[in-house]
>>> print(open('work37.txt').read())   # compact mmCIF, C-alpha atoms and all ligand atoms
# COMPACT_ATOMS: atom_id res chain seq x y z
CA MET A 1 100.11 88.87 121.86
CA ILE A 2 99.26 85.55 123.45
CA GLU A 3 101.20 82.63 122.07
CA LEU A 4 99.36 79.35 121.97
CA SER A 5 101.02 76.25 123.38
CA GLU A 6 103.44 74.21 121.32
CA ARG A 7 101.12 71.27 121.94
CA LEU A 8 98.28 73.11 120.24
CA GLN A 9 100.44 74.43 117.45
CA ALA A 10 101.65 70.93 116.65
CA MET A 11 98.06 69.66 116.39
CA GLU A 12 96.39 69.30 112.99
CA GLU A 13 92.77 70.26 112.68
CA SER A 14 90.47 67.28 112.11
CA ALA A 15 90.24 66.96 108.31
CA THR A 16 86.81 65.33 108.46
CA ILE A 17 85.41 68.15 110.55
CA ALA A 18 87.24 70.84 108.55
CA MET A 19 85.83 69.55 105.26
CA SER A 20 82.28 69.28 106.57
CA GLN A 21 82.56 72.81 107.96
CA LYS A 22 83.75 74.02 104.56
CA SER A 23 80.79 72.41 102.82
CA ARG A 24 78.40 73.96 105.39
CA GLU A 25 79.87 77.38 104.59
CA LEU A 26 79.54 76.87 100.84
CA LYS A 27 75.93 75.75 101.31
CA ALA A 28 75.25 78.88 103.38
CA GLU A 29 76.57 80.91 100.41
CA GLY A 30 73.88 79.26 98.33
CA LYS A 31 76.12 76.69 96.56
CA ASP A 32 74.53 73.34 95.86
CA VAL A 33 77.24 71.30 97.59
CA ILE A 34 76.77 67.60 98.30
CA SER A 35 78.65 66.69 101.43
CA LEU A 36 80.06 63.19 101.57
CA SER A 37 82.75 64.29 103.97
CA LEU A 38 81.44 63.49 107.42
CA GLY A 39 81.02 60.01 108.83
CA GLU A 40 77.59 60.52 110.24
CA PRO A 41 74.50 58.37 109.68
CA ASP A 42 71.75 60.29 107.88
CA PHE A 43 69.13 58.40 109.90
CA ASN A 44 67.36 59.78 112.95
CA THR A 45 67.93 58.35 116.41
CA PRO A 46 65.28 55.64 116.92
CA ASP A 47 62.13 56.78 118.72
CA PHE A 48 62.49 54.35 121.64
CA ILE A 49 65.86 55.95 122.48
CA LYS A 50 64.42 59.45 122.28
CA ALA A 51 61.56 58.34 124.53
CA ALA A 52 64.07 57.11 127.13
CA ALA A 53 65.75 60.53 127.05
CA ASN A 54 62.41 62.29 127.48
CA SER A 55 61.62 60.13 130.49
CA ALA A 56 65.06 60.85 131.94
CA ILE A 57 64.39 64.57 131.84
CA LYS A 58 60.93 64.09 133.32
CA ASP A 59 62.35 61.85 136.05
CA ASN A 60 65.01 64.43 136.93
CA TYR A 61 68.12 62.62 135.81
CA THR A 62 69.77 66.00 135.78
CA ASN A 63 72.60 65.74 138.31
CA TYR A 64 76.23 64.76 138.00
CA THR A 65 76.50 61.06 137.34
CA PRO A 66 79.17 58.67 138.60
CA VAL A 67 82.27 59.65 136.59
CA PRO A 68 82.57 56.33 134.66
CA GLY A 69 78.80 56.26 134.01
CA TYR A 70 75.67 55.10 135.83
CA GLU A 71 76.08 51.63 137.27
CA ASP A 72 72.98 50.34 135.43
CA LEU A 73 74.30 51.72 132.14
CA ARG A 74 77.60 49.97 132.69
CA LYS A 75 75.68 46.80 133.50
CA ALA A 76 73.74 47.21 130.23
CA ILE A 77 77.04 47.67 128.36
CA ALA A 78 78.47 44.57 130.06
CA ASN A 79 75.41 42.63 128.85
CA LYS A 80 75.82 44.03 125.36
CA PHE A 81 79.48 42.93 125.30
CA LYS A 82 78.41 39.45 126.37
CA ARG A 83 75.46 39.22 123.99
CA ASP A 84 77.09 40.63 120.84
CA ASN A 85 80.79 39.93 121.30
CA ASP A 86 81.05 37.13 123.83
CA LEU A 87 83.28 39.43 125.89
CA HIS A 88 83.14 39.37 129.65
CA TYR A 89 83.64 42.69 131.39
CA ALA A 90 82.56 43.51 134.95
CA THR A 91 81.09 46.98 135.48
CA ASN A 92 84.36 48.21 137.00
CA GLN A 93 86.03 47.40 133.68
CA ILE A 94 83.72 49.72 131.77
CA VAL A 95 84.05 53.48 131.44
CA VAL A 96 81.51 55.63 129.63
CA SER A 97 82.83 58.83 128.06
CA THR A 98 81.83 61.81 125.95
CA GLY A 99 82.10 59.90 122.69
CA ALA A 100 84.44 57.14 121.59
CA LYS A 101 86.80 59.95 120.66
CA GLN A 102 87.23 60.77 124.33
CA SER A 103 87.44 57.08 125.23
CA ILE A 104 90.47 56.76 122.92
CA ALA A 105 92.04 59.95 124.28
CA ASN A 106 91.58 58.72 127.86
CA VAL A 107 93.36 55.45 127.11
CA SER A 108 96.19 57.12 125.26
CA MET A 109 96.69 59.66 128.08
CA SER A 110 96.54 56.82 130.62
CA VAL A 111 99.21 54.56 129.17
CA VAL A 112 101.57 56.58 126.96
CA ASN A 113 104.68 58.29 128.36
CA ALA A 114 106.65 60.92 126.46
CA GLY A 115 108.61 59.20 123.69
CA ASP A 116 106.67 55.94 123.79
CA GLU A 117 105.93 54.50 120.36
CA VAL A 118 102.36 53.94 119.25
CA ILE A 119 101.73 51.67 116.30
CA ILE A 120 98.99 52.92 114.01
CA PRO A 121 98.19 50.88 110.92
CA ALA A 122 97.47 53.12 107.92
CA PRO A 123 94.94 53.96 106.62
CA PHE A 124 93.81 55.17 110.05
CA TRP A 125 91.10 57.38 111.43
CA VAL A 126 92.28 61.01 111.47
CA SER A 127 92.13 61.62 115.20
CA TYR A 128 94.37 58.73 116.31
CA ILE A 129 97.57 60.54 115.35
CA GLU A 130 96.66 63.81 117.02
CA ILE A 131 95.49 62.07 120.20
CA VAL A 132 98.80 60.22 120.38
CA LYS A 133 100.77 63.41 119.78
CA VAL A 134 98.95 65.20 122.60
CA SER A 135 99.85 62.24 124.83
CA GLU A 136 103.49 62.89 123.81
CA GLY A 137 103.66 59.53 122.09
CA VAL A 138 105.42 58.93 118.80
CA PRO A 139 103.15 57.53 116.07
CA VAL A 140 104.72 54.62 114.18
CA ILE A 141 102.79 54.14 110.97
CA VAL A 142 102.50 50.67 109.43
CA ASN A 143 101.23 50.95 105.88
CA ALA A 144 98.69 48.62 104.35
CA GLY A 145 97.71 49.34 100.77
CA ILE A 146 94.68 48.54 98.68
CA ASP A 147 96.29 45.30 97.46
CA THR A 148 95.97 43.74 100.93
CA ASP A 149 92.48 45.20 101.45
CA PHE A 150 94.20 47.84 103.58
CA LYS A 151 94.93 45.38 106.39
CA ILE A 152 98.32 44.89 108.03
CA THR A 153 99.81 41.45 108.50
CA ALA A 154 101.22 39.89 111.64
CA GLU A 155 104.70 40.11 110.07
CA GLN A 156 104.35 43.85 109.58
CA LEU A 157 103.23 44.26 113.18
CA GLU A 158 106.15 42.19 114.45
CA GLU A 159 108.60 44.32 112.47
CA ALA A 160 107.19 47.56 113.82
CA ILE A 161 107.47 46.58 117.48
CA THR A 162 110.45 47.89 119.44
CA GLU A 163 111.18 48.02 123.15
CA LYS A 164 109.58 51.48 123.15
CA THR A 165 106.22 50.29 121.78
CA LYS A 166 103.47 50.97 124.29
CA LEU A 167 100.23 51.17 122.38
CA MET A 168 98.61 50.17 119.10
CA ILE A 169 95.38 51.72 117.78
CA PHE A 170 93.26 50.38 114.95
CA SER A 171 89.64 50.05 113.91
CA THR A 172 87.64 47.12 112.58
CA PRO A 173 85.49 47.73 110.59
CA CYS A 174 87.95 50.42 109.57
CA ASN A 175 87.37 54.08 109.06
CA PRO A 176 88.29 55.08 106.29
CA THR A 177 88.61 51.82 104.31
CA GLY A 178 85.65 49.76 105.55
CA SER A 179 88.01 46.79 105.85
CA VAL A 180 87.04 44.17 108.38
CA TYR A 181 89.58 41.91 110.11
CA SER A 182 88.54 38.26 110.16
CA LYS A 183 88.90 36.07 113.24
CA GLU A 184 91.98 34.42 111.72
CA GLU A 185 93.59 37.78 110.93
CA LEU A 186 92.98 39.00 114.48
CA ARG A 187 94.35 35.74 115.88
CA ALA A 188 97.53 36.27 113.87
CA LEU A 189 97.92 39.78 115.32
CA ALA A 190 97.21 38.38 118.80
CA ASP A 191 99.98 35.81 118.31
CA VAL A 192 102.43 38.69 117.97
CA LEU A 193 100.96 40.84 120.73
CA VAL A 194 100.97 38.06 123.29
CA LYS A 195 104.77 38.00 123.04
CA HIS A 196 104.84 41.66 124.10
CA PRO A 197 102.61 41.91 127.18
CA GLN A 198 103.64 45.55 127.80
CA ILE A 199 101.73 46.65 124.70
CA VAL A 200 98.17 47.88 125.08
CA VAL A 201 95.93 47.69 122.01
CA ILE A 202 92.92 49.85 121.35
CA CYS A 203 90.54 47.90 119.15
CA ASP A 204 88.05 50.50 117.94
CA GLU A 205 84.83 48.68 117.08
CA ILE A 206 82.51 51.64 116.69
CA TYR A 207 81.33 50.38 113.27
CA GLU A 208 80.66 46.90 114.64
CA HIS A 209 77.04 46.74 113.54
CA ILE A 210 77.60 48.28 110.13
CA ASN A 211 79.02 45.12 108.74
CA PHE A 212 77.86 43.48 105.51
CA GLY A 213 79.60 40.18 105.71
CA THR A 214 80.39 37.74 108.41
CA ARG A 215 79.91 38.17 112.17
CA HIS A 216 81.90 40.98 113.78
CA GLU A 217 85.02 39.74 115.55
CA SER A 218 86.67 41.41 118.56
CA LEU A 219 90.36 41.18 119.33
CA ALA A 220 89.65 40.83 123.07
CA GLN A 221 87.94 37.48 122.45
CA PHE A 222 91.35 35.79 122.69
CA ASP A 223 92.02 35.05 126.35
CA ASP A 224 95.77 35.36 126.02
CA VAL A 225 95.56 39.03 124.94
CA TYR A 226 92.30 39.99 126.70
CA ASN A 227 94.17 41.88 129.40
CA GLN A 228 96.14 43.94 126.86
CA VAL A 229 93.15 44.93 124.75
CA VAL A 230 90.88 47.90 125.26
CA THR A 231 87.66 47.46 123.33
CA VAL A 232 86.22 50.80 122.24
CA ASN A 233 82.65 51.21 121.09
CA GLY A 234 79.86 53.79 121.22
CA VAL A 235 76.37 54.74 120.16
CA SER A 236 77.18 57.33 117.48
CA LYS A 237 77.15 55.10 114.42
CA ALA A 238 74.84 52.14 114.95
CA TRP A 239 72.23 54.12 116.82
CA ALA A 240 72.55 57.35 114.85
CA MET A 241 73.42 59.27 118.01
CA THR A 242 76.44 61.34 116.94
CA GLY A 243 75.26 64.48 118.73
CA TRP A 244 74.43 62.75 122.00
CA ARG A 245 78.12 62.12 122.73
CA LEU A 246 78.58 58.72 124.29
CA GLY A 247 81.33 56.16 123.82
CA TYR A 248 82.64 53.47 126.12
CA ILE A 249 85.48 51.07 126.76
CA GLY A 250 85.87 47.58 128.13
CA ALA A 251 89.37 47.20 129.58
CA ASN A 252 91.33 45.69 132.39
CA LYS A 253 90.48 47.19 135.80
CA GLU A 254 93.63 49.31 136.04
CA ILE A 255 93.15 51.01 132.68
CA ALA A 256 89.44 51.53 133.38
CA ALA A 257 90.25 53.19 136.73
CA ALA A 258 92.87 55.38 135.04
CA CYS A 259 90.40 56.54 132.39
CA SER A 260 87.87 57.32 135.07
CA LYS A 261 90.47 59.32 136.99
CA ILE A 262 91.28 61.39 133.88
CA GLN A 263 87.72 62.24 133.08
CA GLY A 264 87.07 62.98 136.74
CA GLN A 265 89.34 65.98 136.17
CA PHE A 266 88.33 66.80 132.60
CA THR A 267 84.59 66.25 132.15
CA SER A 268 83.03 64.56 135.22
CA GLY A 269 81.53 61.98 132.85
CA THR A 270 79.10 62.41 130.00
CA CYS A 271 75.56 63.82 129.93
CA SER A 272 73.08 62.21 132.33
CA ILE A 273 70.20 62.26 129.81
CA THR A 274 72.37 60.67 127.13
CA GLN A 275 73.37 57.94 129.55
CA ARG A 276 69.74 57.05 130.32
CA ALA A 277 68.99 56.99 126.59
CA ALA A 278 72.01 54.78 125.96
CA ILE A 279 70.60 52.14 128.30
CA ALA A 280 67.69 51.76 125.87
CA ALA A 281 70.15 51.39 122.97
CA MET A 282 72.28 48.82 124.81
CA ASP A 283 69.24 46.76 125.80
CA ALA A 284 67.79 46.69 122.28
CA ASP A 285 68.29 43.65 120.10
CA PRO A 286 70.63 44.74 117.28
CA VAL A 287 68.26 43.00 114.87
CA VAL A 288 66.30 46.29 114.86
CA LEU A 289 69.23 47.76 112.91
CA LYS A 290 68.78 45.44 109.96
CA ASP A 291 66.93 47.93 107.71
CA MET A 292 69.57 50.56 108.27
CA ILE A 293 72.36 48.08 107.55
CA ALA A 294 70.58 46.92 104.40
CA ALA A 295 70.26 50.56 103.28
CA PHE A 296 73.99 51.10 103.83
CA GLY A 297 74.67 47.86 101.94
CA SER A 298 72.81 48.98 98.82
CA ARG A 299 74.45 52.39 98.96
CA ARG A 300 77.83 50.70 99.09
CA THR A 301 76.97 48.75 95.94
CA LEU A 302 75.72 51.88 94.21
CA VAL A 303 78.86 53.89 94.99
CA LEU A 304 81.22 51.03 94.09
CA ASP A 305 79.42 50.37 90.80
CA LYS A 306 79.60 54.02 89.83
CA LEU A 307 83.24 54.34 90.85
CA ASN A 308 84.18 51.26 88.90
CA GLU A 309 82.72 52.87 85.75
CA ILE A 310 85.33 55.63 85.98
CA GLU A 311 88.60 54.89 84.21
CA GLY A 312 91.56 54.91 86.57
CA VAL A 313 89.70 54.56 89.88
CA LYS A 314 90.70 51.52 91.94
CA THR A 315 88.49 50.22 94.78
CA ASN A 316 88.47 47.53 97.43
CA VAL A 317 85.14 46.10 98.56
CA PRO A 318 84.59 47.47 102.05
CA GLY A 319 83.11 44.85 104.36
CA GLY A 320 81.74 47.39 106.82
CA ALA A 321 81.38 51.03 107.97
CA PHE A 322 79.97 53.52 105.48
CA TYR A 323 82.99 54.68 103.54
CA VAL A 324 84.76 53.83 100.33
CA PHE A 325 88.39 54.71 99.97
CA PRO A 326 89.25 54.56 96.28
CA ASP A 327 92.79 54.87 94.97
CA VAL A 328 92.73 57.87 92.65
CA SER A 329 96.47 58.23 92.03
CA TYR A 330 95.82 57.65 88.30
CA PHE A 331 94.70 61.31 88.14
CA TYR A 332 97.82 62.76 89.74
CA GLY A 333 99.78 64.83 87.24
CA LYS A 334 96.64 65.47 85.17
CA SER A 335 95.21 68.98 84.68
CA PHE A 336 92.09 70.93 83.88
CA ASN A 337 91.81 74.67 83.22
CA GLY A 338 95.34 75.37 84.40
CA THR A 339 94.98 73.38 87.64
CA THR A 340 97.21 70.34 88.00
CA ILE A 341 96.31 67.62 90.48
CA GLU A 342 99.38 66.61 92.48
CA ASN A 343 97.80 64.64 95.32
CA GLY A 344 94.63 63.66 97.18
CA SER A 345 94.19 67.10 98.72
CA ASP A 346 94.29 68.72 95.27
CA LEU A 347 91.80 66.18 94.00
CA ALA A 348 89.43 66.73 96.93
CA MET A 349 89.60 70.51 96.31
CA PHE A 350 89.10 69.99 92.58
CA LEU A 351 86.01 67.87 93.23
CA LEU A 352 84.68 70.44 95.68
CA ASN A 353 85.13 73.33 93.24
CA GLU A 354 84.35 71.54 89.98
CA ALA A 355 81.75 68.96 91.05
CA LEU A 356 80.46 70.63 94.23
CA VAL A 357 81.01 67.37 96.08
CA ALA A 358 82.82 67.49 99.42
CA LEU A 359 84.88 64.49 100.45
CA VAL A 360 88.11 64.04 102.38
CA THR A 361 91.66 63.60 101.10
CA GLY A 362 93.29 60.26 101.91
CA GLU A 363 96.35 62.11 103.21
CA ALA A 364 94.45 62.84 106.42
CA PHE A 365 94.04 59.07 106.86
CA GLY A 366 97.62 58.21 105.99
CA ASP A 367 97.20 57.21 102.35
CA PRO A 368 97.83 60.00 99.86
CA ASN A 369 96.78 57.84 96.91
CA CYS A 370 93.16 57.78 98.05
CA ILE A 371 90.15 59.89 98.85
CA ARG A 372 87.39 59.02 101.33
CA ILE A 373 83.77 59.08 100.30
CA SER A 374 81.19 58.73 103.07
CA TYR A 375 78.06 57.13 101.68
CA ALA A 376 75.87 58.01 104.65
CA ALA A 377 73.48 59.80 102.30
CA SER A 378 70.36 58.81 100.35
CA GLU A 379 70.65 56.86 97.09
CA LYS A 380 69.27 59.87 95.23
CA VAL A 381 71.97 62.15 96.64
CA LEU A 382 74.65 59.53 96.05
CA THR A 383 73.57 59.01 92.43
CA GLU A 384 73.84 62.74 91.74
CA ALA A 385 77.18 62.96 93.58
CA MET A 386 78.68 60.05 91.65
CA LYS A 387 77.52 61.56 88.36
CA ARG A 388 79.19 64.85 89.25
CA ILE A 389 82.40 63.11 90.36
CA LYS A 390 82.57 61.11 87.11
CA GLU A 391 82.02 64.19 84.94
CA ALA A 392 84.64 66.18 86.82
CA LEU A 393 87.27 63.42 86.75
CA GLU A 394 86.72 62.91 83.04
CA LYS A 395 87.73 66.53 82.47
CA LEU A 396 91.25 65.82 83.75
CA SER A 397 93.85 65.04 81.11
N1 LIG M 401 86.41 55.89 116.02
C1 LIG M 401 86.16 55.93 114.71
C2 LIG M 401 86.84 54.93 113.83
C3 LIG M 401 85.31 56.91 114.18
O1 LIG M 401 85.08 56.95 112.87
C4 LIG M 401 84.73 57.86 115.03
C5 LIG M 401 83.91 58.95 114.41
N2 LIG M 401 82.80 59.28 114.99
C6 LIG M 401 85.00 57.75 116.41
C7 LIG M 401 85.85 56.75 116.86
C8 LIG M 401 84.43 58.69 117.42
O2 LIG M 401 83.09 58.53 117.62
P1 LIG M 401 82.27 59.33 118.71
O3 LIG M 401 83.22 60.24 119.41
O4 LIG M 401 81.22 60.07 117.95
O5 LIG M 401 81.68 58.29 119.62
N1 LIG M 402 84.21 59.85 112.70
C1 LIG M 402 83.52 60.60 111.71
C2 LIG M 402 84.37 60.78 110.47
O1 LIG M 402 85.40 60.16 110.36
C3 LIG M 402 82.98 61.88 112.28
C4 LIG M 402 83.91 63.06 112.30
C5 LIG M 402 84.96 62.92 113.32
O2 LIG M 402 84.62 62.71 114.48
O3 LIG M 402 86.11 63.02 112.91
O4 LIG M 402 83.97 61.47 109.59
>>> encode(input="work37.txt", output="structure tokens", more="lines below")
Ligand code: PMP
Ligand code: GLU
Amino acid sequence: MIELSERLQAMEESATIAMSQKSRELKAEGKDVISLSLGEPDFNTPDFIKAAANSAIKDNYTNYTPVPGYEDLRKAIANKFKRDNDLHYATNQIVVSTGAKQSIANVSMSVVNAGDEVIIPAPFWVSYIEIVKVSEGVPVIVNAGIDTDFKITAEQLEEAITEKTKLMIFSTPCNPTGSVYSKEELRALADVLVKHPQIVVICDEIYEHINFGTRHESLAQFDDVYNQVVTVNGVSKAWAMTGWRLGYIGANKEIAAACSKIQGQFTSGTCSITQRAAIAAMDADPVVLKDMIAAFGSRRTLVLDKLNEIEGVKTNVPGGAFYVFPDVSYFYGKSFNGTTIENGSDLAMFLLNEALVALVTGEAFGDPNCIRISYAASEKVLTEAMKRIKEALEKLS
């Protein structure tokens, strides 16, 4: 019998992917499951991007590409960074990968040594922890609860840093909470980081455009920490291109070269057709996204309004992304039909079985008091889902 590696055995399955797979299976069995488990826009990729991909095939962009991405794509990304974020990256500071997920893995593998500590503010996106573990790093979780809009403070960051700290990973807007760090909040974190120049920070900005409030702010905008920060972004969310698999980083030259070296051995870079299509996305004025953002904005209001009608559910007001992360701990200890809810996983299973709504337990994101609802679904579907959730929760006593 073949024994799998300890590395693999220590790895958790992605809870977001596991839950969406489960709801696919239930649907295949004929169950009327509503899946609010996966963070995936329900919009189609815009036609002008698809047209660029069609031309790429016609024009025979079918060979291996430069490992960090076509030069003109990296130029387009550099322009996008300048236009949207006022960040200056040369093309040799940009690496294009097979999704932002791989971008993050590349960075972690590039900078973390066995036993190095990696600060991860919780709630966090599920894959950060597993990526760090595979890099033999030690995740150091810094908890931020709903009372601080799920954001950590500079003091908390300072306290978590030791001489072993090598990396920090966080997202703004945040998956799963939708919280958005303001310029002042980022400056306060930068004030701490600048005192520890050995720490690299991954600032995951993949939800940049799905932002309902003020202008998106990047951590790398501060010159004194620019060299420490790796800005991660991608086309999956804003451009509804989850299946195309393209993410990218802006980083200092050394980290960029390291990431390129890694993927030179692992993937040889991402799909040539996708890269040509991504040039069209990078060149487009983000103003074309305004209808999609407005649609997400009204869905957010709908879901929050419905949640706030349910006794015991506590919410923050997410400033971005397309998730709400309500605190549902009020229901822990309550029962229905012989089933007692002890935690977020039990509640997610209860809602799947009782309400036929799939969502993800907060435990997977580092906050067991919460559950994550992805509202990347139509208002009609969301209205039905929220009705089912309310009815099911009201059965618990
Ligand atoms: N970061 C965050 C915060 C995410 O939610 C996701 C989910 N798609 C990713 C990175 C990875 O995105 P992708 O690999 O599809 O580019
Ligand atoms: N990032 C999305 C989510 O959190 C997609 C699934 C995944 O890549 O984990 O649901």
>>> residues_near_point(input="work37.txt", point="(84.2, 48.5, 105.6)", cutoff="10 Å", atoms="all atoms listed in the file", output="ChimeraX atom specification")
/A:149,172-181,207-208,210-213,300,316-325
>>> residues_near_ligand(input="work37.txt", ligand="ligand LIG 401 (chain M)", cutoff="10 Å", atoms="all atoms listed in the file", output="ChimeraX atom specification")
/A:16,38-41,97-104,124-128,169-176,178,203-207,232-237,240-248,321-323
>>> residues_near_point(input="work37.txt", point="(93.9, 39.8, 116.0)", cutoff="12 Å", atoms="all atoms listed in the file", output="PyMOL selection string")
chain A and resi 151-154+157+168+170-172+180-194+201-203+217-226+228-229
>>> closest_residue(input="work37.txt", among="A:Tyr375, A:Phe43, A:Trp239, A:Tyr70", to="ligand LIG 402 (chain M)", atoms="all atoms listed in the file")
A:Tyr375
>>> residues_around(input="work37.txt", residues="Tyr332 (chain A)", least_positions_apart="2", cutoff="12 Å", atoms="all atoms listed in the file", output="PDB file with C-alpha atoms, in the frame of the given file")
ATOM      1  CA  GLY A 312      91.560  54.910  86.570  1.00  0.00           C
ATOM      2  CA  VAL A 313      89.700  54.560  89.880  1.00  0.00           C
ATOM      3  CA  ASP A 327      92.790  54.870  94.970  1.00  0.00           C
ATOM      4  CA  VAL A 328      92.730  57.870  92.650  1.00  0.00           C
ATOM      5  CA  SER A 329      96.470  58.230  92.030  1.00  0.00           C
ATOM      6  CA  TYR A 330      95.820  57.650  88.300  1.00  0.00           C
ATOM      7  CA  LYS A 334      96.640  65.470  85.170  1.00  0.00           C
ATOM      8  CA  SER A 335      95.210  68.980  84.680  1.00  0.00           C
ATOM      9  CA  PHE A 336      92.090  70.930  83.880  1.00  0.00           C
ATOM     10  CA  THR A 339      94.980  73.380  87.640  1.00  0.00           C
ATOM     11  CA  THR A 340      97.210  70.340  88.000  1.00  0.00           C
ATOM     12  CA  ILE A 341      96.310  67.620  90.480  1.00  0.00           C
ATOM     13  CA  GLU A 342      99.380  66.610  92.480  1.00  0.00           C
ATOM     14  CA  ASN A 343      97.800  64.640  95.320  1.00  0.00           C
ATOM     15  CA  GLY A 344      94.630  63.660  97.180  1.00  0.00           C
ATOM     16  CA  SER A 345      94.190  67.100  98.720  1.00  0.00           C
ATOM     17  CA  ASP A 346      94.290  68.720  95.270  1.00  0.00           C
ATOM     18  CA  LEU A 347      91.800  66.180  94.000  1.00  0.00           C
ATOM     19  CA  ALA A 348      89.430  66.730  96.930  1.00  0.00           C
ATOM     20  CA  PHE A 350      89.100  69.990  92.580  1.00  0.00           C
ATOM     21  CA  PRO A 368      97.830  60.000  99.860  1.00  0.00           C
ATOM     22  CA  ASN A 369      96.780  57.840  96.910  1.00  0.00           C
ATOM     23  CA  CYS A 370      93.160  57.780  98.050  1.00  0.00           C
ATOM     24  CA  LEU A 393      87.270  63.420  86.750  1.00  0.00           C
ATOM     25  CA  LEU A 396      91.250  65.820  83.750  1.00  0.00           C
ATOM     26  CA  SER A 397      93.850  65.040  81.110  1.00  0.00           C
TER      27      SER A 397
END
>>> residues_around(input="work37.txt", residues="region 81-93 of chain A", least_positions_apart="6", cutoff="7 Å", atoms="all atoms listed in the file", output="list in words")
Arg74, Lys75, Ser218, Gln221, Gly250, Ala251, Asn252, Lys253 and Ala256 of chain A
>>> atom_distance(input="work37.txt", atom1="CA of Pro66 (chain A)", atom2="CA of Gly269 (chain A)")
7.0 Å
>>> closest_residue(input="work37.txt", among="A:Ser14, A:Asn113, A:Gln265, A:Thr274", to="ligand LIG 402 (chain M)", atoms="only C-alpha atoms and all ligand atoms")
A:Ser14
>>> closest_residue(input="work37.txt", among="A:Glu309, A:Asn54, A:Ile373, A:Glu379", to="Glu394 (chain A)", atoms="all atoms listed in the file")
A:Glu309
>>> axis_aligned_box(input="work37.txt", around="ligand LIG 402 (chain M)", padding_each_side="6 Å", output="AutoDock Vina command-line options")
--center_x 84.5 --center_y 61.5 --center_z 112.0 --size_x 15.1 --size_y 15.2 --size_z 16.9
>>> atom_distance(input="work37.txt", atom1="CA of Ile34 (chain A)", atom2="CA of Gly297 (chain A)")
20.2 Å
>>> decode(input="work37.txt", residues="region 201-211 of chain A", atoms="N, CA, C and O atoms", output="PDB file, in the first residue's frame")
ATOM      1  N   VAL A 201       5.420  41.072   3.015  1.00  0.00           N
ATOM      2  CA  VAL A 201       3.968  41.082   3.215  1.00  0.00           C
ATOM      3  C   VAL A 201       3.263  40.845   1.891  1.00  0.00           C
ATOM      4  O   VAL A 201       3.503  41.576   0.919  1.00  0.00           O
ATOM      5  N   ILE A 202       2.417  39.846   1.875  1.00  0.00           N
ATOM      6  CA  ILE A 202       1.570  39.647   0.692  1.00  0.00           C
ATOM      7  C   ILE A 202       0.271  40.405   0.931  1.00  0.00           C
ATOM      8  O   ILE A 202      -0.470  40.105   1.873  1.00  0.00           O
ATOM      9  N   CYS A 203       0.033  41.398   0.106  1.00  0.00           N
ATOM     10  CA  CYS A 203      -1.221  42.142   0.189  1.00  0.00           C
ATOM     11  C   CYS A 203      -2.075  41.658  -0.994  1.00  0.00           C
ATOM     12  O   CYS A 203      -1.788  41.979  -2.153  1.00  0.00           O
ATOM     13  N   ASP A 204      -3.073  40.856  -0.664  1.00  0.00           N
ATOM     14  CA  ASP A 204      -3.884  40.191  -1.688  1.00  0.00           C
ATOM     15  C   ASP A 204      -5.054  41.112  -2.030  1.00  0.00           C
ATOM     16  O   ASP A 204      -5.962  41.310  -1.234  1.00  0.00           O
ATOM     17  N   GLU A 205      -5.006  41.671  -3.239  1.00  0.00           N
ATOM     18  CA  GLU A 205      -5.985  42.698  -3.624  1.00  0.00           C
ATOM     19  C   GLU A 205      -6.907  42.192  -4.731  1.00  0.00           C
ATOM     20  O   GLU A 205      -7.393  42.970  -5.551  1.00  0.00           O
ATOM     21  N   ILE A 206      -7.156  40.889  -4.729  1.00  0.00           N
ATOM     22  CA  ILE A 206      -7.916  40.320  -5.843  1.00  0.00           C
ATOM     23  C   ILE A 206      -9.354  40.856  -5.923  1.00  0.00           C
ATOM     24  O   ILE A 206      -9.971  40.834  -6.982  1.00  0.00           O
ATOM     25  N   TYR A 207      -9.879  41.359  -4.794  1.00  0.00           N
ATOM     26  CA  TYR A 207     -11.241  41.937  -4.828  1.00  0.00           C
ATOM     27  C   TYR A 207     -11.225  43.456  -4.995  1.00  0.00           C
ATOM     28  O   TYR A 207     -12.239  44.119  -4.750  1.00  0.00           O
ATOM     29  N   GLU A 208     -10.081  43.971  -5.393  1.00  0.00           N
ATOM     30  CA  GLU A 208      -9.910  45.423  -5.530  1.00  0.00           C
ATOM     31  C   GLU A 208     -11.125  46.147  -6.122  1.00  0.00           C
ATOM     32  O   GLU A 208     -11.596  47.141  -5.581  1.00  0.00           O
ATOM     33  N   HIS A 209     -11.605  45.655  -7.247  1.00  0.00           N
ATOM     34  CA  HIS A 209     -12.649  46.404  -7.949  1.00  0.00           C
ATOM     35  C   HIS A 209     -14.024  46.204  -7.330  1.00  0.00           C
ATOM     36  O   HIS A 209     -14.933  46.984  -7.595  1.00  0.00           O
ATOM     37  N   ILE A 210     -14.174  45.143  -6.538  1.00  0.00           N
ATOM     38  CA  ILE A 210     -15.492  44.904  -5.946  1.00  0.00           C
ATOM     39  C   ILE A 210     -15.492  45.575  -4.582  1.00  0.00           C
ATOM     40  O   ILE A 210     -15.252  44.965  -3.546  1.00  0.00           O
ATOM     41  N   ASN A 211     -15.704  46.862  -4.646  1.00  0.00           N
ATOM     42  CA  ASN A 211     -15.500  47.732  -3.507  1.00  0.00           C
ATOM     43  C   ASN A 211     -16.624  48.773  -3.554  1.00  0.00           C
ATOM     44  O   ASN A 211     -16.824  49.413  -4.587  1.00  0.00           O
TER      45      ASN A 211
END
